[in-house]
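Below is the file upload.cif, which contains mmCIF, C-alpha atoms.
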data_entry
loop_
_atom_site.label_atom_id
_atom_site.label_comp_id
_atom_site.auth_asym_id
_atom_site.auth_seq_id
_atom_site.Cartn_x
_atom_site.Cartn_y
_atom_site.Cartn_z
CA MET A 141 -29.45 -5.25 -11.26
CA PRO A 142 -29.61 -1.49 -10.48
CA MET A 143 -26.74 0.63 -11.78
CA LEU A 144 -24.40 2.52 -9.50
CA ASP A 145 -25.33 6.22 -9.42
CA LEU A 146 -22.15 8.17 -8.69
CA GLU A 147 -21.07 11.79 -8.16
CA VAL A 148 -17.93 12.93 -10.01
CA VAL A 149 -15.70 15.39 -8.12
CA PRO A 150 -12.79 16.47 -10.40
CA GLU A 151 -9.33 16.04 -8.86
CA ARG A 152 -10.89 14.34 -5.84
CA SER A 153 -13.30 11.41 -5.97
CA LEU A 154 -16.06 9.21 -7.36
CA GLY A 155 -18.77 8.03 -4.98
CA ASN A 156 -22.22 8.36 -3.48
CA GLU A 157 -23.72 9.12 -0.05
CA GLN A 158 -22.68 5.71 1.35
CA TRP A 159 -19.08 5.52 0.12
CA GLU A 160 -16.42 7.33 -1.88
CA PHE A 161 -13.28 6.32 -3.75
CA ALA A 162 -11.00 9.31 -3.05
CA LEU A 163 -7.65 10.01 -4.73
CA GLY A 164 -4.86 9.28 -2.23
CA MET A 165 -6.95 6.59 -0.50
CA PRO A 166 -4.90 3.54 0.62
CA PHE A 167 -5.54 0.31 -1.30
CA SER A 168 -6.87 -1.47 1.81
CA GLN A 169 -9.60 1.14 2.35
CA ALA A 170 -10.86 0.70 -1.21
CA ILE A 171 -10.95 -3.07 -0.59
CA SER A 172 -12.94 -2.59 2.62
CA ILE A 173 -15.52 -0.46 0.74
CA LEU A 174 -15.86 -3.25 -1.87
CA GLN A 175 -16.19 -5.91 0.86
CA LYS A 176 -18.83 -3.90 2.71
CA HIS A 177 -20.90 -3.40 -0.46
CA CYS A 178 -20.22 -6.81 -2.04
CA ARG A 179 -23.92 -7.41 -2.77
CA ILE A 180 -23.99 -4.32 -5.00
CA ILE A 181 -20.43 -4.23 -6.39
CA LYS A 182 -19.61 -7.69 -7.73
CA ASN A 183 -17.00 -9.36 -9.95
CA VAL A 184 -13.98 -7.31 -8.88
CA GLN A 185 -10.56 -8.24 -10.28
CA VAL A 186 -7.18 -7.43 -8.68
CA LEU A 187 -4.57 -6.89 -11.42
CA TYR A 188 -0.82 -6.70 -10.74
CA SER A 189 2.50 -7.80 -12.19
CA GLU A 190 3.69 -10.99 -10.51
CA GLN A 191 7.34 -10.69 -11.57
CA THR A 192 7.77 -6.88 -11.55
CA PRO A 193 5.16 -5.53 -9.09
CA LEU A 194 6.75 -2.05 -8.92
CA SER A 195 6.70 -1.43 -12.68
CA HIS A 196 2.91 -1.53 -13.16
CA ASP A 197 0.01 0.07 -11.30
CA LEU A 198 -1.94 -2.07 -8.86
CA ILE A 199 -5.48 -2.13 -10.31
CA LEU A 200 -8.95 -2.91 -8.97
CA ASN A 201 -11.22 -3.59 -11.94
CA LEU A 202 -14.95 -3.35 -11.16
CA THR A 203 -15.96 -5.34 -14.24
CA GLN A 204 -19.72 -5.14 -13.65
CA ASP A 205 -19.60 -1.34 -13.28
CA GLY A 206 -17.03 -0.40 -15.95
CA ILE A 207 -14.68 1.26 -13.41
CA LYS A 208 -10.94 0.82 -12.81
CA LEU A 209 -9.12 2.10 -9.72
CA LEU A 210 -5.39 2.54 -10.42
CA PHE A 211 -3.10 2.55 -7.38
CA ASP A 212 0.52 3.68 -7.40
CA ALA A 213 2.70 0.57 -7.26
CA THR A 214 5.10 2.13 -4.73
CA ASN A 215 2.97 3.96 -2.16
CA GLN A 216 -0.21 1.89 -2.85
CA ARG A 217 -2.50 4.96 -2.80
CA LEU A 218 -5.24 5.71 -5.36
CA LYS A 219 -3.76 7.60 -8.32
CA VAL A 220 -6.39 7.50 -11.10
CA ILE A 221 -10.10 6.63 -11.27
CA GLU A 222 -11.08 5.46 -14.76
CA VAL A 223 -14.63 4.88 -16.02
CA TYR A 224 -14.07 2.80 -19.16
CA ASP A 225 -17.67 1.76 -19.91
CA LEU A 226 -20.19 4.57 -19.37
CA SER A 227 -23.11 2.30 -20.31
CA LYS A 228 -22.71 0.42 -16.99
CA VAL A 229 -22.92 3.36 -14.58
CA LYS A 230 -24.86 6.60 -13.98
CA LEU A 231 -22.72 9.71 -13.49
CA LYS A 232 -23.56 13.17 -12.19
CA TYR A 233 -21.71 16.42 -11.55
CA CYS A 234 -22.92 18.89 -8.86
CA GLY A 235 -25.97 16.66 -8.39
CA VAL A 236 -27.06 16.77 -12.07
CA HIS A 237 -26.73 13.69 -14.32
CA PHE A 238 -24.61 13.92 -17.46
CA ASN A 239 -24.64 10.16 -18.11
CA SER A 240 -27.55 7.76 -17.55
CA GLN A 241 -29.94 5.54 -19.49
CA ALA A 242 -31.92 8.68 -20.45
CA ILE A 243 -28.93 11.04 -21.01
CA ALA A 244 -26.22 10.15 -23.52
CA PRO A 245 -22.72 11.48 -22.70
CA THR A 246 -22.26 13.45 -25.95
CA ILE A 247 -19.88 16.37 -26.45
CA GLU A 248 -22.88 18.72 -26.20
CA GLN A 249 -23.91 17.19 -22.86
CA ILE A 250 -20.35 17.47 -21.48
CA ASP A 251 -20.17 21.14 -22.60
CA GLN A 252 -23.51 21.82 -20.92
CA SER A 253 -22.54 20.10 -17.64
CA PHE A 254 -18.92 21.22 -17.32
CA GLY A 255 -18.82 24.53 -19.23
CA ALA A 256 -16.30 25.98 -21.67
CA THR A 257 -12.89 24.38 -21.92
CA HIS A 258 -9.74 24.33 -24.05
CA PRO A 259 -9.93 22.73 -27.50
CA GLY A 260 -9.70 18.94 -27.53
CA VAL A 261 -6.43 17.10 -28.20
CA TYR A 262 -6.52 14.40 -30.89
CA ASN A 263 -4.52 11.19 -30.42
CA ALA A 264 -4.19 9.51 -33.82
CA ALA A 265 -2.83 6.23 -32.44
CA GLU A 266 -5.87 5.74 -30.16
CA GLN A 267 -8.31 7.44 -32.58
CA LEU A 268 -9.55 9.35 -29.56
CA PHE A 269 -10.16 13.02 -28.89
CA HIS A 270 -9.22 14.04 -25.33
CA LEU A 271 -11.04 16.90 -23.63
CA ASN A 272 -9.17 17.97 -20.50
CA PHE A 273 -10.28 19.87 -17.42
CA ARG A 274 -8.18 20.19 -14.27
CA GLY A 275 -8.32 16.78 -12.59
CA LEU A 276 -10.78 15.36 -15.13
CA SER A 277 -10.59 14.25 -18.75
CA PHE A 278 -13.00 12.77 -21.29
CA SER A 279 -11.99 10.65 -24.28
CA PHE A 280 -14.29 10.68 -27.32
CA GLN A 281 -14.45 7.92 -29.92
CA LEU A 282 -14.02 9.11 -33.52
CA ASP A 283 -14.21 5.85 -35.46
CA SER A 284 -17.15 7.04 -37.63
CA TRP A 285 -15.10 9.92 -39.11
CA ASN A 286 -12.62 9.33 -41.91
CA GLU A 287 -10.54 12.39 -41.14
CA ALA A 288 -10.23 13.81 -37.65
CA PRO A 289 -10.89 17.52 -37.26
CA LYS A 290 -7.96 19.50 -35.82
CA TYR A 291 -9.52 21.13 -32.76
CA GLU A 292 -13.25 20.74 -32.61
CA ILE A 293 -14.85 17.52 -31.50
CA PRO A 294 -17.63 16.66 -34.01
CA HIS A 295 -21.25 17.05 -32.90
CA GLY A 296 -22.76 13.95 -31.37
CA ALA A 297 -19.38 12.37 -30.47
CA MET A 298 -19.80 10.10 -27.43
CA VAL A 299 -17.56 9.77 -24.38
CA LYS A 300 -15.72 6.44 -24.44
CA ARG A 301 -13.68 6.89 -21.22
CA MET A 302 -13.43 9.30 -18.29
CA HIS A 303 -10.48 9.79 -15.90
CA ILE A 304 -10.31 11.53 -12.50
CA TYR A 305 -6.78 12.42 -11.32
CA THR A 306 -4.69 15.12 -9.64
CA GLY A 307 -3.30 18.09 -11.61
CA ASN A 308 -3.48 19.03 -15.28
CA ASN A 309 -1.85 16.05 -16.97
CA LEU A 310 -3.10 12.46 -16.78
CA GLN A 311 0.25 11.10 -18.05
CA GLU A 312 2.25 12.88 -15.34
CA THR A 313 -0.19 12.56 -12.42
CA ARG A 314 0.90 11.13 -9.07
CA ALA A 315 -1.12 9.77 -6.18
CA PRO A 316 -1.74 12.68 -3.78
CA ALA A 317 -1.11 12.56 -0.04
CA MET A 318 -3.71 10.64 1.93
CA PRO A 319 -6.84 12.79 2.49
CA LEU A 320 -7.77 13.67 6.07
CA ALA A 321 -11.01 11.68 5.71
CA CYS A 322 -8.97 8.47 5.21
CA PHE A 323 -7.12 8.59 8.55
CA LEU A 324 -10.17 7.35 10.51
CA GLY A 325 -8.38 7.81 13.84
CA ASN A 326 -5.35 5.70 12.81
CA ILE A 327 -1.66 6.57 12.67
CA TYR A 328 0.34 5.82 9.53
CA ALA A 329 4.09 5.51 9.02
CA GLU A 330 5.66 7.83 6.45
CA CYS A 331 8.98 5.97 6.83
CA VAL A 332 10.71 3.62 9.27
CA ASP A 333 14.49 3.65 9.87
CA VAL A 334 16.16 0.66 11.48
CA LEU A 335 18.68 1.83 14.11
CA ARG A 336 21.71 -0.41 14.56
CA ASP A 337 25.27 -0.80 15.76
CA GLY A 338 28.06 -2.97 14.35
CA ALA A 339 26.49 -6.21 15.61
CA GLY A 340 22.91 -5.75 14.47
CA PRO A 341 19.64 -3.84 14.90
CA LEU A 342 18.85 -1.85 18.07
CA GLY A 343 15.34 -0.58 17.29
CA LEU A 344 13.15 1.52 15.02
CA ARG A 345 12.77 5.24 14.37
CA LEU A 346 9.27 5.86 12.94
CA ARG A 347 8.08 9.03 11.20
CA LEU A 348 4.35 8.95 11.91
CA LEU A 349 1.45 10.81 10.32
CA THR A 350 -1.81 11.50 12.12
CA ALA A 351 -4.82 13.71 11.52
CA GLY A 352 -4.66 15.58 14.80
CA CYS A 353 -8.18 16.68 15.64
CA GLY A 354 -10.69 16.48 18.45
CA LEU A 355 -14.41 15.88 18.07
CA GLY A 356 -16.25 18.42 15.96
CA VAL A 357 -13.18 20.26 14.67
CA MET A 358 -12.64 18.50 11.33
CA ALA A 359 -12.51 21.90 9.61
CA ASP A 360 -9.38 22.81 11.61
CA ALA A 361 -7.77 19.39 11.34
CA LYS A 362 -4.43 19.00 9.65
CA VAL A 363 -1.94 16.20 9.18
CA ARG A 364 0.68 16.16 11.93
CA SER A 365 4.09 14.53 11.70
CA LEU A 366 5.58 12.83 14.77
CA GLU A 367 8.84 10.98 15.32
CA ARG A 368 8.98 8.07 17.74
CA CYS A 369 11.72 5.56 18.62
CA ILE A 370 11.18 2.00 19.90
CA PHE A 371 14.05 -0.21 21.07
CA PHE A 372 14.63 -3.84 21.97
CA GLY A 373 14.04 -4.16 25.70
CA ASP A 374 11.36 -1.45 25.79
CA SER A 375 8.36 -2.26 27.94
CA CYS A 376 4.74 -2.59 26.85
CA GLN A 377 4.09 0.80 28.43
CA ASP A 378 6.94 2.39 26.44
CA VAL A 379 5.43 1.10 23.19
CA LEU A 380 1.86 2.08 24.09
CA GLY A 381 3.06 5.56 25.05
CA ALA A 382 4.93 5.99 21.76
CA LEU A 383 2.53 4.38 19.26
CA GLY A 384 -0.83 4.09 21.04
CA SER A 385 -2.92 0.93 21.24
CA PRO A 386 -2.28 -1.79 18.64
CA HIS A 387 -5.03 -2.86 16.24
CA LYS A 388 -4.75 -6.39 17.60
CA VAL A 389 -2.87 -8.40 20.21
CA PHE A 390 -1.90 -11.86 18.98
CA TYR A 391 -0.65 -14.62 21.29
CA LYS A 392 1.80 -17.08 19.72
CA SER A 393 0.55 -20.66 19.86
CA GLU A 394 3.55 -22.39 18.27
CA ASP A 395 6.98 -21.55 16.95
CA LYS A 396 7.48 -23.30 13.61
CA MET A 397 11.10 -22.06 13.40
CA LYS A 398 12.06 -23.79 16.71
CA ILE A 399 13.13 -26.94 14.86
CA HIS A 400 15.98 -24.93 13.29
CA SER A 401 17.49 -24.02 16.67
CA PRO A 402 20.60 -25.98 17.84
CA SER A 403 18.72 -28.03 20.49
CA PRO A 404 14.96 -27.83 19.97
CA HIS A 405 14.28 -30.85 22.19
CA LYS A 406 15.83 -29.07 25.21
CA GLN A 407 13.50 -26.08 25.01
CA VAL A 408 11.05 -26.24 27.89
CA PRO A 409 7.47 -25.35 26.89
CA SER A 410 6.47 -22.13 28.63
CA LYS A 411 3.22 -21.80 30.56
CA CYS A 412 2.35 -18.50 28.91
CA ASN A 413 2.95 -17.41 25.35
CA ASP A 414 4.86 -14.51 23.84
CA TYR A 415 2.52 -12.00 22.23
CA PHE A 416 2.54 -9.58 19.30
CA PHE A 417 1.23 -6.05 19.07
CA ASN A 418 -0.05 -5.83 15.46
CA TYR A 419 0.03 -2.28 14.05
CA PHE A 420 -1.60 -2.89 10.65
CA THR A 421 -1.52 0.74 9.44
CA LEU A 422 2.21 0.97 10.26
CA GLY A 423 3.06 -2.37 8.62
CA VAL A 424 4.82 -3.39 11.86
CA ASP A 425 4.47 -6.19 14.42
CA ILE A 426 6.21 -6.02 17.81
CA LEU A 427 6.80 -9.22 19.81
CA PHE A 428 6.95 -9.10 23.61
CA ASP A 429 8.46 -11.70 25.89
CA SER A 430 5.74 -13.43 27.93
CA THR A 431 7.63 -13.23 31.24
CA THR A 432 9.47 -9.86 31.08
CA HIS A 433 6.94 -8.05 28.82
CA LEU A 434 9.85 -6.41 26.98
CA VAL A 435 10.30 -6.06 23.19
CA LYS A 436 12.26 -8.98 21.74
CA LYS A 437 11.43 -8.84 18.02
CA PHE A 438 10.15 -6.50 15.28
CA VAL A 439 8.54 -7.62 12.00
CA LEU A 440 8.34 -5.16 9.07
CA HIS A 441 5.91 -5.96 6.22
CA THR A 442 6.28 -4.84 2.59
CA ASN A 443 2.72 -5.79 1.47
CA TYR A 444 3.58 -6.96 -2.05
CA PRO A 445 0.71 -8.39 -4.11
CA GLY A 446 1.22 -12.11 -4.60
CA HIS A 447 2.19 -12.68 -0.95
CA TYR A 448 -0.02 -14.70 1.41
CA ASN A 449 -0.46 -11.73 3.80
CA PHE A 450 -1.21 -9.15 1.08
CA ASN A 451 -3.63 -6.41 2.21
CA ILE A 452 -3.46 -7.33 5.91
CA TYR A 453 -0.78 -4.69 6.54
CA HIS A 454 -0.01 -1.33 4.98
CA ARG A 455 3.37 -1.22 3.29
CA CYS A 456 6.16 -0.38 5.74
CA ASP A 457 8.57 1.95 3.91
CA PHE A 458 11.77 0.97 5.73
CA LYS A 459 15.50 1.63 5.41
CA ILE A 460 17.96 -0.85 6.92
CA PRO A 461 21.71 -0.11 7.00
CA LEU A 462 23.73 -3.26 6.27
CA VAL A 463 27.37 -3.64 7.29
CA ILE A 464 29.37 -5.43 4.60
CA LYS A 465 32.83 -6.76 5.43
CA LYS A 466 35.20 -6.57 2.48
CA GLU A 467 37.68 -9.44 2.11
CA GLY A 468 41.36 -8.55 1.88
CA ALA A 469 44.38 -7.37 3.84
CA ASP A 470 42.79 -4.21 5.22
CA SER A 471 39.38 -5.96 5.72
CA GLN A 472 37.30 -2.78 5.52
CA THR A 473 33.61 -2.56 6.22
CA GLU A 474 31.16 -0.80 3.93
CA ASP A 475 27.61 0.37 4.56
CA CYS A 476 24.72 -0.03 2.15
CA ILE A 477 21.03 0.73 2.64
CA LEU A 478 18.41 -1.95 2.10
CA THR A 479 14.85 -0.70 1.49
CA THR A 480 11.32 -2.04 1.01
CA TYR A 481 12.01 -1.94 -2.75
CA SER A 482 15.41 -3.74 -2.76
CA LYS A 483 15.60 -7.14 -4.45
CA TRP A 484 17.29 -10.05 -2.73
CA ASP A 485 19.56 -11.02 -5.62
CA GLN A 486 21.04 -7.48 -5.61
CA ILE A 487 21.62 -7.72 -1.84
CA GLN A 488 23.27 -11.13 -2.18
CA GLU A 489 25.70 -9.67 -4.74
CA LEU A 490 26.73 -6.97 -2.26
CA LEU A 491 27.01 -9.37 0.68
CA GLY A 492 28.35 -12.47 -0.88
CA HIS A 493 25.86 -15.33 -0.52
CA PRO A 494 24.56 -16.29 2.94
CA MET A 495 26.44 -19.18 4.50
CA GLU A 496 23.39 -21.36 5.13
CA LYS A 497 20.64 -22.51 2.81
CA PRO A 498 17.31 -20.72 3.31
CA VAL A 499 14.47 -22.07 5.39
CA VAL A 500 11.40 -22.67 3.18
CA LEU A 501 8.23 -21.16 4.61
CA HIS A 502 4.83 -22.39 3.41
CA ARG A 503 1.96 -20.42 4.88
CA SER A 504 -1.61 -21.68 4.97
CA SER A 505 -4.63 -21.14 7.18
CA SER A 506 -5.87 -23.78 9.61
CA ALA A 507 -9.17 -24.03 7.70
CA ASN A 508 -7.57 -24.32 4.27
CA ASN A 509 -4.22 -25.94 3.60
CA THR A 510 -3.75 -24.42 0.16
CA ASN A 511 -1.65 -21.36 -0.60
CA PRO A 512 -1.98 -20.21 -4.22
CA PHE A 513 1.09 -17.95 -3.97
CA GLY A 514 3.67 -20.66 -3.22
CA SER A 515 6.45 -20.81 -0.66
CA THR A 516 8.79 -18.05 0.47
CA PHE A 517 12.44 -18.37 1.55
CA CYS A 518 13.95 -17.10 4.81
CA PHE A 519 17.60 -15.97 4.98
CA GLY A 520 19.35 -15.04 8.24
CA LEU A 521 21.84 -12.19 8.37
CA GLN A 522 23.18 -9.83 11.11
CA ARG A 523 20.35 -10.66 13.59
CA MET A 524 17.75 -10.24 10.85
CA ILE A 525 15.62 -12.74 8.91
CA PHE A 526 14.63 -11.74 5.38
CA GLU A 527 11.55 -13.47 3.97
CA VAL A 528 12.02 -13.47 0.18
CA MET A 529 9.31 -14.08 -2.44
CA GLN A 530 9.86 -16.10 -5.62
CA ASN A 531 10.16 -12.85 -7.65
CA ASN A 532 13.16 -11.84 -5.46
CA HIS A 533 11.25 -9.09 -3.61
CA ILE A 534 11.36 -8.99 0.18
CA ALA A 535 8.04 -9.92 1.83
CA SER A 536 9.04 -9.18 5.43
CA VAL A 537 12.04 -8.51 7.65
CA THR A 538 12.24 -9.84 11.22
CA LEU A 539 14.67 -8.02 13.51
CA TYR A 540 16.15 -9.64 16.64
CA GLY A 541 18.20 -7.98 19.33
CA ALA A 542 19.52 -8.52 22.81
CA PRO A 543 17.44 -6.43 25.27
CA ARG A 544 19.19 -3.31 26.53
CA THR A 545 20.49 -3.23 30.08
CA THR A 546 18.76 -0.91 32.52
CA SER A 547 21.84 1.32 32.68
CA GLN A 548 21.35 2.38 29.04
CA ALA A 549 19.37 5.58 28.74
CA ARG A 550 16.40 5.58 26.40
CA PRO A 551 16.85 8.29 23.71
CA GLU A 552 14.26 11.02 23.71
CA SER A 553 11.79 10.96 20.80
CA SER A 554 10.85 14.26 19.24
CA SER A 555 7.67 15.41 17.56
CA SER A 556 6.75 18.19 15.16
CA SER A 557 3.70 19.30 13.20
CA HIS A 558 3.24 20.87 9.82
#
Could you render the structure from this file as structure tokens?
Amino acid sequence: MPMLDLEVVPERSLGNEQWEFALGMPFSQAISILQKHCRIIKNVQVLYSEQTPLSHDLILNLTQDGIKLLFDATNQRLKVIEVYDLSKVKLKYCGVHFNSQAIAPTIEQIDQSFGATHPGVYNAAEQLFHLNFRGLSFSFQLDSWNEAPKYEIPHGAMVKRMHIYTGNNLQETRAPAMPLACFLGNIYAECVDVLRDGAGPLGLRLRLLTAGCGLGVMADAKVRSLERCIFFGDSCQDVLGALGSPHKVFYKSEDKMKIHSPSPHKQVPSKCNDYFFNYFTLGVDILFDSTTHLVKKFVLHTNYPGHYNFNIYHRCDFKIPLVIKKEGADSQTEDCILTTYSKWDQIQELLGHPMEKPVVLHRSSSANNTNPFGSTFCFGLQRMIFEVMQNNHIASVTLYGAPRTTSQARPESSSSSH
């Protein structure tokens, strides 16, 4: 099997002429690279914490190639590229190899390829010497020396690991903003606010990011920020004008929740089906009524690993104000904000427990009835349905609302660029 032959770009990327893993790249784009080149890159593991998915990085481990891609658990963008087995991959810098079957990655070779640097830093616990450049570090194994030298890495010491990251400090690095090259003509949501009144949700305010550029002007392109609002009762044209074309239009074939309505047997089957606009890069679905073609439902997706729909949608970073009625003589109401990262048990404590037991939802495809991730639980509250995973994280939120009357004016949406 031929080895991968990859170019190292400090503080930016690891890749070749066909593909590139770039810092700040969304998780789903890295997956699509791996799927496209599955005959060359094999035996990939996805590593995450099932119970506490926000406390550990989301990792793609390319076991055959000795490479790990570490994604920030919150924003799900590429934070660190680690090469942990240099014997499984060829590496070059500025087109010249510094690691291959013929070239050993010794301290002398690294000095020759990358030039002078600060003295190395010895970590006694790991028995490793770290040599740091901006956005790039090498770790040298010192197990053949009894006593580690203070500053100088001994001659002939071999690189055990290499890291590519942003900034000067691997321990403090963060995933950078998404590079322009990763937009690929899509819009992404920086954040989504749920707009509501006392009764329930009214619509969404989306802060959108786009790489605003025409053909042939990539050099002048920059990320633009736009704000758009979508409300219940908006038409298809309103939504298309605000958000552009969806990635997919999905027609509902059946409503599995209909059995939970007060009189399911009285519901007359409709001749045409309601349909969703799926905006995968926003993490949002919008349901339109089949007869009026007006918005009747929003679905916001959190994209947690361990959920059946993981990696179909980008994470929707939402904020939902909840109105909590306090019991007592003065019966006050109190607002709290629920986010993509809230846990359901904390919300239940604030609310008091929902009145009804949850509906159990078991997803599976038509071709395969198994779901390795188990069931989720749906709780209804203030015209919203919260789909909750077994680790207490929220998998999705479905928002319902009565369509606005025609007399209500549609608020203007503003846009800005930076």
Which residues are near range 316-326 of chain A? Cut-off 12 Å, all atoms listed in the file, ignore same chain within fewer than 2 positions. Put them as number ranges by chain. A: 151-153, 159-170, 173, 211-212, 215-220, 275, 305-307, 313-314, 328-330, 348-355, 358-364, 383-387, 419-422, 454
Residue neighbourhood Thr538 in chain A, 6 Å, all atoms listed in the file, exclusion window fewer than 4 positions, as an MDAnalysis selection string: chainID A and resid 438:439 524:525
Answer as a list in words, residues within 10 Å of (-14.6, -4.1, -10.1) using all atoms listed in the file: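 Here the neighbourhood of the point contains Leu174, Ile181, Lys182, Asn183, Val184, Gln185, Val186, Ile199, Leu200, Asn201, Leu202, Thr203, Gln204, Asp205, Gly206, Ile207, Lys208 and Leu209 of chain A.
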How far is it from CA of Ile370 in chain A to CA of Leu539 in chain A, in Å with one decimal?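 Value for the CA of Ile370 in chain A-CA of Leu539 in chain A distance: 12.4 Å.
From CA of Tyr233 in chain A back to CA of Gln252 in chain A, the distance works out to 11.0 Å.
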Would you kindly translate the PyMOL selection byres ((chain A and resi 444) around 10) into the concrete residues it picks from this file, as a list in words?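 So the PyMOL selection byres ((chain A and resi 444) around 10) ends up selecting Tyr188, Glu190, Pro193, Leu194, Ala213, Thr214, Gln216, His441, Thr442, Asn443, Pro445, Gly446, His447, Tyr448, Asn449, Phe450, Asn451, Tyr453, His454, Arg455, Thr480, Tyr481, Met529, His533, Ile534, Ala535 and Ser536 of chain A.
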Distance CA of Asp333 in chain A-CA of Glu489 in chain A, one decimal place?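 Here the two named atoms are 22.7 Å from each other.
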Would you tabulate, counting only C-alpha atoms, all residues of range 441-468 of chain A that have an atom at most 12 Å from an atom of range 335-344 of chain A, showing the closest pair of atoms and their distance in Å to one decimal, sorted by chain then ascending number, as CSV?
residue,atom,partner,partner_atom,distance
A:Cys456,CA,A:Leu344,CA,11.8
A:Phe458,CA,A:Leu344,CA,9.4
A:Lys459,CA,A:Leu335,CA,9.3
A:Ile460,CA,A:Leu335,CA,7.7
A:Pro461,CA,A:Arg336,CA,7.6
A:Leu462,CA,A:Gly340,CA,8.6
A:Val463,CA,A:Gly338,CA,7.1
A:Ile464,CA,A:Gly338,CA,10.1
A:Lys465,CA,A:Gly338,CA,10.8
Among the residues A:Asp414, A:Glu527, A:Asp374, A:Asp457, the one that comes closest to Arg347 in chain A [using all atoms listed in the file]: A:Asp457
Lys300 in chain A surroundings by all atoms listed in the file, 6 Å radius, close-in-sequence under 4 positions cut, as a compact mmCIF listing (two decimals) with C-alpha atoms, keeping the file's coordinate frame:
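selection_30.txt, freshly written:
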# COMPACT_ATOMS: atom_id res chain seq x y z
CA SER A 279 -11.99 10.65 -24.28
CA PHE A 280 -14.29 10.68 -27.32
CA GLN A 281 -14.45 7.92 -29.92
